[in-house]
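Here the structure is laid out as structure tokens; the discussion comes afterwards.
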Amino acid sequence: MPADLAALCTRWDMHQMPADLEIRARHRKNLCLQYIDKLLRRNGSSLSSISGMPLPDLEFLENHINTLIHDEICYNPDLLREEHERLFPSLTAEQKIVYTRVISAVENNKGGFFFLYGYGGTGKTYIWKTLSAAIRSKGEIVLNVASSGIASLLLTGGRTAHSRFGIPINVNEDSFCSITAGTDLAALLIKMSLIIWDKAPMMHKHYFEALDRSLRDIIGSTNPKAKEMLFGGKVIIFGGDFRRILPIIPGGTRQDVVHTSLNSSYIWDDYTVLKLTTNMRLREGSDKSNIAEIKEFGDWILKMGNGRLGGPNDGEATVDILDDIIISDNVDPIASLIEFINPSLLDNLQDTTFFQERAILAPTHEVVGVINDRLLSQIPGEDVVYYSSDSICESEGVDNTYTESLYSPEVLNGLKLSGN
Ligand SMILES: Nc1ncnc2c1ncn2[C@@H]1O[C@H](COP(=O)(O)OP(=O)(O)OP(=O)(O)O)[C@@H](O)[C@H]1O
């Protein structure tokens, strides 16, 4: 939080407003404060929690609507209907079954917990988009979340589950999300019709259990029956593939990992599994030159996930990796990887789509750091470092100035945490 934010407030210019809208200085200031408050609330804070900050006038507070709900219902219904009309007819038979089951559960309003199981390319994201368009076009709320930031980018209005539900970083079997009754977030959760949670299997079961307890609590405050219902009687659909990344337990055994998975949770007793089995990346109309290659890779990765490569094994095997996904440069593999993903980097620096179309994924933050440093060293000009956060989350139990002082911005910025 910049220290001169209060001064900044008074200088804020309404250049974002339509030219024909004349707003007097007092109104301008209040709109500005309301806007900053909205940004803060999206990130679990508010103007009132920062000492010395002015608040919007009561006049504006009276008109204040729940910005979280507003954000979720402000989609253009005509565009959503068009999108739905485009996507729905092309759903395959198995995709339509998923769609119908979920839509029926939402319409019945009696809750439902689904798991959509399908390996990569079977069209899970396609279904999320179709479901979201169908429900949002009616003015209802769909919360699209994913277990990782990068996966959440694929969803319309997607957020990480952590930030959307205020899930604490350190959870245990008794944890709750940081959602307080009566807040904007609580009202959003009471009002929403469907939660879509993509790439769910990579999260520890305690995250889902924390959400279950919190929803029962929050929704139960308006409807006592919800306390006895899974996820407070809301419809929730998880998606993913257990062959991919499971929860990471530092130093954990195979049994530890299995024990922390979603399907080892008490919530799994009430699930309905829906399955997708057709690789839509190989459908008619796909780029023919790539189909054979995609099919070969798809079959190989599926066998790998099913433990069918490297002969009979009990979870450990020596597997031959396909030649085309191996970096054969033993001398400077990082440089080769960067060159492979970003060919002619310097010639493409001004091309705005160049970096949007490529990404290097790495298993740990250390490796991300090494690759980043190498890549940045190739780009001419001075480095500028922007930190995403330099204060500790209140939900982590930092409630006094002494503890806060232990976590200075320098300490926080020096941490290399696991996670996504
Ligand atoms: N019914 C469909 N009609 C046309 N294209 C489809 C259909 N279903 C999926 N696709 C396309 O197939 C490709 C793969 O689908 P999608 O990304 O939804 O799969 P996914 O299961 O989410 O994959 P991953 O798990 O790897 O993220 C996408 O290009 C998508 O647009």
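Just so we're on the same page: first chain in the structure tokens is A, next is B, and so on; residues restart at 1 for each chain, and ligands are numbered from 1 in the order they show up.
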
Please identify all protein, DNA and RNA residues within 9 Å of ligand 1, counting only C-alpha atoms and all ligand atoms, and report them as a PyMOL selection string. chain A and resi 87-93+95-96+117-129+151+154+198-199+239-241+276+278-283+286

Those same residues, written as a short mmCIF file (atom, residue, chain, number, x, y, z; two decimals), in the first residue's frame with N, CA, C and O atoms?
```cif
data_model
loop_
_atom_site.label_atom_id
_atom_site.label_comp_id
_atom_site.auth_asym_id
_atom_site.auth_seq_id
_atom_site.Cartn_x
_atom_site.Cartn_y
_atom_site.Cartn_z
N LEU A 87 -22.04 -22.38 -28.18
CA LEU A 87 -21.36 -23.52 -27.55
C LEU A 87 -22.27 -24.74 -27.39
O LEU A 87 -21.86 -25.87 -27.67
N PHE A 88 -23.50 -24.50 -26.94
CA PHE A 88 -24.36 -25.63 -26.56
C PHE A 88 -24.58 -26.63 -27.70
O PHE A 88 -24.43 -27.85 -27.49
N PRO A 89 -24.94 -26.20 -28.93
CA PRO A 89 -25.21 -27.19 -29.98
C PRO A 89 -24.01 -28.08 -30.29
O PRO A 89 -24.17 -29.19 -30.80
N SER A 90 -22.80 -27.59 -30.01
CA SER A 90 -21.63 -28.40 -30.38
C SER A 90 -21.20 -29.35 -29.26
O SER A 90 -20.24 -30.10 -29.42
N LEU A 91 -21.90 -29.35 -28.13
CA LEU A 91 -21.51 -30.28 -27.06
C LEU A 91 -21.68 -31.71 -27.54
O LEU A 91 -22.65 -32.04 -28.24
N THR A 92 -20.76 -32.57 -27.17
CA THR A 92 -20.90 -33.99 -27.52
C THR A 92 -21.95 -34.61 -26.59
O THR A 92 -22.35 -34.00 -25.61
N ALA A 93 -22.33 -35.86 -26.91
CA ALA A 93 -23.36 -36.51 -26.10
C ALA A 93 -22.94 -36.58 -24.63
O ALA A 93 -23.72 -36.26 -23.73
N GLN A 95 -20.78 -34.70 -23.08
CA GLN A 95 -20.73 -33.34 -22.51
C GLN A 95 -22.15 -32.87 -22.17
O GLN A 95 -22.36 -32.20 -21.16
N LYS A 96 -23.11 -33.24 -23.03
CA LYS A 96 -24.51 -32.81 -22.77
C LYS A 96 -25.04 -33.42 -21.49
O LYS A 96 -25.79 -32.79 -20.74
N TYR A 117 -14.69 -35.84 -14.19
CA TYR A 117 -13.41 -36.52 -14.34
C TYR A 117 -13.11 -36.67 -15.83
O TYR A 117 -13.90 -37.23 -16.58
N GLY A 118 -12.00 -36.13 -16.24
CA GLY A 118 -11.65 -36.27 -17.65
C GLY A 118 -10.21 -35.86 -17.85
O GLY A 118 -9.76 -34.87 -17.27
N TYR A 119 -9.49 -36.62 -18.65
CA TYR A 119 -8.09 -36.27 -18.86
C TYR A 119 -7.99 -35.03 -19.75
O TYR A 119 -9.02 -34.51 -20.22
N GLY A 120 -6.77 -34.55 -19.96
CA GLY A 120 -6.55 -33.30 -20.70
C GLY A 120 -7.19 -33.34 -22.09
O GLY A 120 -7.03 -34.31 -22.81
N GLY A 121 -7.91 -32.30 -22.44
CA GLY A 121 -8.45 -32.18 -23.79
C GLY A 121 -9.83 -32.78 -23.96
O GLY A 121 -10.38 -32.80 -25.07
N THR A 122 -10.45 -33.26 -22.88
CA THR A 122 -11.77 -33.88 -23.04
C THR A 122 -12.90 -32.84 -23.00
O THR A 122 -14.06 -33.18 -23.13
N GLY A 123 -12.54 -31.57 -22.81
CA GLY A 123 -13.54 -30.52 -22.93
C GLY A 123 -14.12 -30.04 -21.61
O GLY A 123 -15.22 -29.51 -21.57
N LYS A 124 -13.37 -30.17 -20.53
CA LYS A 124 -13.88 -29.69 -19.23
C LYS A 124 -14.06 -28.17 -19.26
O LYS A 124 -15.11 -27.65 -18.89
N THR A 125 -13.02 -27.48 -19.75
CA THR A 125 -13.10 -26.01 -19.79
C THR A 125 -14.26 -25.56 -20.69
O THR A 125 -14.95 -24.59 -20.40
N TYR A 126 -14.46 -26.32 -21.76
CA TYR A 126 -15.56 -26.02 -22.70
C TYR A 126 -16.90 -26.10 -21.96
O TYR A 126 -17.79 -25.27 -22.16
N ILE A 127 -17.03 -27.09 -21.12
CA ILE A 127 -18.27 -27.23 -20.35
C ILE A 127 -18.40 -26.11 -19.33
O ILE A 127 -19.49 -25.56 -19.13
N TRP A 128 -17.30 -25.76 -18.67
CA TRP A 128 -17.37 -24.65 -17.70
C TRP A 128 -17.92 -23.41 -18.40
O TRP A 128 -18.74 -22.69 -17.85
N LYS A 129 -17.41 -23.16 -19.62
CA LYS A 129 -17.83 -21.94 -20.35
C LYS A 129 -19.32 -22.02 -20.69
O LYS A 129 -20.04 -21.03 -20.57
N ALA A 151 -4.43 -21.65 -14.07
CA ALA A 151 -5.64 -22.35 -14.51
C ALA A 151 -6.86 -21.43 -14.41
O ALA A 151 -7.78 -21.49 -15.22
N LEU A 154 -8.05 -19.32 -17.46
CA LEU A 154 -8.81 -19.92 -18.57
C LEU A 154 -10.31 -19.79 -18.35
O LEU A 154 -11.10 -20.07 -19.25
N ASP A 198 -12.02 -25.78 -10.93
CA ASP A 198 -11.21 -26.55 -11.88
C ASP A 198 -9.89 -26.98 -11.24
O ASP A 198 -9.39 -26.33 -10.32
N LYS A 199 -9.34 -28.06 -11.77
CA LYS A 199 -8.05 -28.62 -11.30
C LYS A 199 -8.09 -28.89 -9.79
O LYS A 199 -7.13 -28.61 -9.05
N GLY A 239 -13.54 -30.23 -11.05
CA GLY A 239 -13.08 -30.89 -12.27
C GLY A 239 -11.61 -31.18 -12.19
O GLY A 239 -10.88 -30.52 -11.43
N GLY A 240 -11.19 -32.16 -12.93
CA GLY A 240 -9.76 -32.45 -12.96
C GLY A 240 -9.48 -33.90 -13.28
O GLY A 240 -10.37 -34.64 -13.71
N ASP A 241 -8.25 -34.25 -13.07
CA ASP A 241 -7.78 -35.59 -13.44
C ASP A 241 -6.79 -36.01 -12.36
O ASP A 241 -5.76 -35.35 -12.17
N LEU A 276 -15.81 -37.61 -18.78
CA LEU A 276 -15.60 -37.28 -20.20
C LEU A 276 -14.46 -38.17 -20.69
O LEU A 276 -13.45 -38.32 -20.01
N THR A 278 -13.64 -38.48 -24.40
CA THR A 278 -13.17 -38.24 -25.77
C THR A 278 -12.21 -37.06 -25.81
O THR A 278 -12.55 -35.97 -25.32
N ASN A 279 -11.04 -37.28 -26.41
CA ASN A 279 -10.08 -36.18 -26.53
C ASN A 279 -10.53 -35.23 -27.65
O ASN A 279 -10.43 -35.55 -28.83
N MET A 280 -11.05 -34.08 -27.24
CA MET A 280 -11.61 -33.14 -28.22
C MET A 280 -10.52 -32.44 -29.03
O MET A 280 -10.82 -31.79 -30.03
N ARG A 281 -9.30 -32.57 -28.61
CA ARG A 281 -8.22 -31.96 -29.39
C ARG A 281 -7.98 -32.75 -30.68
O ARG A 281 -7.28 -32.30 -31.57
N LEU A 282 -8.57 -33.97 -30.77
CA LEU A 282 -8.37 -34.80 -31.95
C LEU A 282 -9.60 -34.83 -32.84
O LEU A 282 -9.71 -35.64 -33.74
N ARG A 283 -10.56 -33.96 -32.54
CA ARG A 283 -11.82 -34.03 -33.29
C ARG A 283 -11.62 -33.60 -34.73
O ARG A 283 -10.64 -32.94 -35.08
N SER A 286 -9.84 -30.28 -36.44
CA SER A 286 -8.61 -29.79 -35.83
C SER A 286 -7.53 -29.75 -36.90
O SER A 286 -7.64 -30.41 -37.93
#
```

Would you mind writing down, as an NGL selection string, each residue of stretch 180-251 of chain A that DSSP on the backbone assigns to strand (DSSP E)? :A and (194-198 or 235-240)

Resulting file, chosen residues, N, CA and C atoms, as a PDB file, in the first residue's frame:
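Saved as selection20.pdb:
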```pdb
ATOM      1  N   LEU A 194     -23.888 -21.537  -8.411  1.00  0.00           N
ATOM      2  CA  LEU A 194     -23.008 -22.656  -8.767  1.00  0.00           C
ATOM      3  C   LEU A 194     -21.553 -22.263  -8.535  1.00  0.00           C
ATOM      4  N   ILE A 195     -20.799 -23.231  -7.979  1.00  0.00           N
ATOM      5  CA  ILE A 195     -19.340 -23.053  -7.916  1.00  0.00           C
ATOM      6  C   ILE A 195     -18.721 -24.050  -8.872  1.00  0.00           C
ATOM      7  N   ILE A 196     -17.849 -23.558  -9.743  1.00  0.00           N
ATOM      8  CA  ILE A 196     -17.066 -24.440 -10.617  1.00  0.00           C
ATOM      9  C   ILE A 196     -15.626 -24.349 -10.124  1.00  0.00           C
ATOM     10  N   TRP A 197     -15.055 -25.484  -9.768  1.00  0.00           N
ATOM     11  CA  TRP A 197     -13.681 -25.479  -9.204  1.00  0.00           C
ATOM     12  C   TRP A 197     -12.824 -26.392 -10.073  1.00  0.00           C
ATOM     13  N   ASP A 198     -12.023 -25.775 -10.932  1.00  0.00           N
ATOM     14  CA  ASP A 198     -11.208 -26.549 -11.880  1.00  0.00           C
ATOM     15  C   ASP A 198      -9.888 -26.979 -11.245  1.00  0.00           C
ATOM     16  N   VAL A 235     -24.794 -25.965  -5.140  1.00  0.00           N
ATOM     17  CA  VAL A 235     -24.311 -26.881  -6.182  1.00  0.00           C
ATOM     18  C   VAL A 235     -22.854 -26.538  -6.466  1.00  0.00           C
ATOM     19  N   ILE A 236     -22.035 -27.569  -6.450  1.00  0.00           N
ATOM     20  CA  ILE A 236     -20.606 -27.346  -6.685  1.00  0.00           C
ATOM     21  C   ILE A 236     -20.100 -28.446  -7.603  1.00  0.00           C
ATOM     22  N   ILE A 237     -19.320 -28.072  -8.577  1.00  0.00           N
ATOM     23  CA  ILE A 237     -18.728 -29.090  -9.452  1.00  0.00           C
ATOM     24  C   ILE A 237     -17.215 -28.896  -9.485  1.00  0.00           C
ATOM     25  N   PHE A 238     -16.532 -29.963  -9.138  1.00  0.00           N
ATOM     26  CA  PHE A 238     -15.073 -29.971  -9.218  1.00  0.00           C
ATOM     27  C   PHE A 238     -14.679 -30.628 -10.529  1.00  0.00           C
ATOM     28  N   GLY A 239     -13.544 -30.232 -11.050  1.00  0.00           N
ATOM     29  CA  GLY A 239     -13.080 -30.886 -12.270  1.00  0.00           C
ATOM     30  C   GLY A 239     -11.611 -31.176 -12.186  1.00  0.00           C
ATOM     31  N   GLY A 240     -11.186 -32.161 -12.927  1.00  0.00           N
ATOM     32  CA  GLY A 240      -9.757 -32.451 -12.958  1.00  0.00           C
ATOM     33  C   GLY A 240      -9.481 -33.895 -13.285  1.00  0.00           C
TER      34      GLY A 240
END
```

Excluding A:Ile73 and residues on its chain fewer than 6 positions from it, collect all residues at most 12 Å away from it, counting only C-alpha atoms, and give them as a list in words.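 Returned residues: Ile65, Asn66, Thr67, Leu80, Ser132, Ala133, Ile135, Arg136, Ser137, Lys138, Gly139, Glu140, Ile141, Val142, Leu143, Gly157, Leu188, Lys191, Met192 and Ser193 of chain A.
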
Same residues, N, CA, C and O atoms, output as a CSV table (one decimal), in the first residue's frame:
```
chain,number,residue,atom,x,y,z
A,65,ILE,N,-23.7,-0.7,-3.3
A,65,ILE,CA,-24.2,-2.0,-3.6
A,65,ILE,C,-23.0,-3.0,-3.3
A,65,ILE,O,-21.9,-2.5,-3.3
A,66,ASN,N,-23.4,-4.2,-3.1
A,66,ASN,CA,-22.3,-5.2,-2.8
A,66,ASN,C,-21.5,-5.3,-4.1
A,66,ASN,O,-22.0,-5.8,-5.1
A,67,THR,N,-20.3,-4.9,-4.1
A,67,THR,CA,-19.5,-4.8,-5.3
A,67,THR,C,-19.1,-6.2,-5.8
A,67,THR,O,-19.0,-6.5,-7.0
A,80,LEU,N,-23.9,-13.3,-23.5
A,80,LEU,CA,-23.9,-14.6,-22.9
A,80,LEU,C,-24.8,-15.6,-23.6
A,80,LEU,O,-24.5,-16.7,-23.8
A,132,SER,N,-21.4,-21.7,-17.5
A,132,SER,CA,-21.3,-20.3,-17.0
A,132,SER,C,-22.2,-19.4,-17.8
A,132,SER,O,-23.0,-18.5,-17.3
A,133,ALA,N,-22.1,-19.5,-19.2
A,133,ALA,CA,-22.9,-18.7,-20.1
A,133,ALA,C,-24.4,-18.9,-19.8
A,133,ALA,O,-25.2,-18.0,-19.7
A,135,ILE,N,-26.0,-20.0,-17.1
A,135,ILE,CA,-26.5,-19.6,-15.8
A,135,ILE,C,-26.4,-18.1,-15.7
A,135,ILE,O,-27.3,-17.4,-15.2
A,136,ARG,N,-25.3,-17.5,-16.1
A,136,ARG,CA,-25.1,-16.1,-16.0
A,136,ARG,C,-26.1,-15.3,-16.9
A,136,ARG,O,-26.5,-14.2,-16.5
A,137,SER,N,-26.4,-15.9,-18.0
A,137,SER,CA,-27.3,-15.2,-18.9
A,137,SER,C,-28.7,-15.0,-18.3
A,137,SER,O,-29.5,-14.1,-18.7
A,138,LYS,N,-29.0,-15.8,-17.2
A,138,LYS,CA,-30.3,-15.6,-16.5
A,138,LYS,C,-30.1,-14.6,-15.3
A,138,LYS,O,-31.0,-14.5,-14.5
A,139,GLY,N,-28.9,-14.0,-15.2
A,139,GLY,CA,-28.7,-13.1,-14.1
A,139,GLY,C,-28.3,-13.8,-12.8
A,139,GLY,O,-28.2,-13.2,-11.8
A,140,GLU,N,-28.0,-15.1,-12.9
A,140,GLU,CA,-27.6,-15.8,-11.7
A,140,GLU,C,-26.1,-15.8,-11.6
A,140,GLU,O,-25.4,-15.6,-12.6
A,141,ILE,N,-25.6,-16.2,-10.4
A,141,ILE,CA,-24.1,-16.1,-10.2
A,141,ILE,C,-23.4,-17.5,-10.3
A,141,ILE,O,-23.9,-18.4,-9.6
A,142,VAL,N,-22.4,-17.5,-11.1
A,142,VAL,CA,-21.5,-18.7,-11.1
A,142,VAL,C,-20.1,-18.2,-10.6
A,142,VAL,O,-19.6,-17.2,-11.1
A,143,LEU,N,-19.6,-18.9,-9.6
A,143,LEU,CA,-18.2,-18.6,-9.2
A,143,LEU,C,-17.3,-19.6,-9.8
A,143,LEU,O,-17.3,-20.8,-9.6
A,157,GLY,N,-14.0,-14.8,-15.7
A,157,GLY,CA,-14.2,-14.2,-14.3
A,157,GLY,C,-13.5,-15.1,-13.3
A,157,GLY,O,-13.9,-15.2,-12.2
A,188,LEU,N,-22.4,-12.7,-1.2
A,188,LEU,CA,-22.1,-13.3,-2.5
A,188,LEU,C,-22.3,-14.9,-2.4
A,188,LEU,O,-23.0,-15.4,-3.3
A,191,LYS,N,-25.9,-15.9,-2.2
A,191,LYS,CA,-26.6,-15.6,-3.5
A,191,LYS,C,-26.2,-16.5,-4.6
A,191,LYS,O,-27.1,-16.8,-5.5
A,192,MET,N,-25.0,-17.0,-4.6
A,192,MET,CA,-24.5,-17.7,-5.9
A,192,MET,C,-25.3,-19.0,-6.1
A,192,MET,O,-25.7,-19.6,-5.2
A,193,SER,N,-25.3,-19.4,-7.4
A,193,SER,CA,-26.0,-20.6,-7.7
A,193,SER,C,-25.1,-21.8,-8.0
A,193,SER,O,-25.5,-22.9,-7.9
```

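Ranking A:Gly111, A:Pro201, A:Gly149, A:Gly414 by their shortest atom-to-atom distance to A:Arg243, with only C-alpha atoms included, puts A:Pro201 first.
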
If we count only C-alpha atoms, what is near stretch 334-341 of chain A at a cut-off of 10 Å, once residues fewer than 5 positions away on the same chain are taken out, given as number ranges by chain? A: 326-329, 355, 357-360, 367, 370-372, 374-375

Could you save the residues just selected, with C-alpha atoms, as a short mmCIF file (atom, residue, chain, number, x, y, z; two decimals), in the first residue's frame?
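Result written to again.cif:
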```
data_model
loop_
_atom_site.label_atom_id
_atom_site.label_comp_id
_atom_site.auth_asym_id
_atom_site.auth_seq_id
_atom_site.Cartn_x
_atom_site.Cartn_y
_atom_site.Cartn_z
CA ILE A 326 13.51 -33.72 -24.19
CA ILE A 327 16.10 -30.98 -23.98
CA SER A 328 19.20 -32.73 -25.20
CA ASP A 329 21.57 -29.84 -24.48
CA PHE A 355 4.47 -13.58 -24.82
CA GLU A 357 1.19 -17.38 -26.69
CA ARG A 358 3.98 -19.04 -24.75
CA ALA A 359 4.83 -20.04 -21.21
CA ILE A 360 7.46 -22.09 -19.44
CA VAL A 367 13.51 -22.96 -11.00
CA VAL A 370 16.51 -19.19 -12.48
CA ILE A 371 14.57 -19.15 -15.77
CA ASN A 372 13.26 -15.63 -15.14
CA ARG A 374 18.14 -15.81 -17.56
CA LEU A 375 15.29 -14.57 -19.70
#
```

For A:Lys227, list every protein, DNA or RNA residue within 12 Å, evaluated using only C-alpha atoms, and leave out those in the same chain fewer than 5 positions away; present the list as a ChimeraX atom specification. /A:212-222,232-234

Selection near A:Asn263, 12 Å with only C-alpha atoms, sequence-local residues under 3 positions removed, as an MDAnalysis selection string: chainID A and resid 115 200:206 208:209 238 241:242 246:247 257:260 266:273

Create the file for the chosen residues now, containing C-alpha atoms and written as a compact mmCIF listing (two decimals), in the first residue's frame.
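Output (again_9.txt):
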```txt
# COMPACT_ATOMS: atom_id res chain seq x y z
CA PHE A 115 -16.82 -34.32 -9.83
CA ALA A 200 -9.39 -29.64 -7.89
CA PRO A 201 -7.29 -32.80 -7.32
CA MET A 202 -4.13 -30.78 -6.76
CA MET A 203 -5.50 -29.28 -3.53
CA HIS A 204 -5.30 -30.77 -0.04
CA LYS A 205 -8.66 -32.13 1.12
CA HIS A 206 -8.65 -29.69 4.05
CA PHE A 208 -12.53 -28.32 0.42
CA GLU A 209 -13.50 -29.21 3.96
CA PHE A 238 -15.07 -29.97 -9.22
CA ASP A 241 -7.78 -35.59 -13.44
CA PHE A 242 -6.24 -37.53 -10.56
CA LEU A 246 -1.81 -34.36 -6.54
CA PRO A 247 -1.39 -32.30 -3.36
CA VAL A 257 -0.30 -37.89 -0.61
CA VAL A 258 -3.20 -40.29 -1.22
CA HIS A 259 -4.52 -39.61 2.28
CA THR A 260 -4.63 -35.84 1.65
CA TYR A 266 -15.46 -37.11 4.15
CA ILE A 267 -17.05 -34.92 1.44
CA TRP A 268 -16.26 -37.61 -1.13
CA ASP A 269 -18.96 -39.85 0.40
CA ASP A 270 -21.64 -37.76 -1.30
CA TYR A 271 -20.16 -37.15 -4.70
CA THR A 272 -21.51 -37.90 -8.17
CA VAL A 273 -18.79 -38.59 -10.72
```

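One finds atom CA of A:Arg42 at 9.6 Å from atom CA of A:Asp184.
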
A straight line from atom CA of A:Leu274 to atom CA of A:Asn172 spans 28.5 Å

Just want the 12 Å neighbourhood of A:Pro380, counted on only C-alpha atoms, with same-chain residues fewer than 6 positions away dropped. Output as a PyMOL selection string. chain A and resi 345-347+349

Helix (DSSP H, G or I) per DSSP on the backbone: members of stretch 212-381 of chain A, as a PyMOL selection string: chain A and resi 212-220+224-228+230-233+254-260+262-264+266-270+280-282+288-305+323-325+333-341+346-348+355-357+365-378

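Pairwise distance (atom CA of A:Phe297, atom CA of A:Val319) equals 14.2 Å.
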
Counting only C-alpha atoms, the residue of A:Pro54, A:Ser405, A:Ser46, A:Asp71 that sits nearest A:Lys29: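 Going through A:Pro54, A:Ser405, A:Ser46, A:Asp71 one by one, the smallest distance to A:Lys29 is for A:Pro54.
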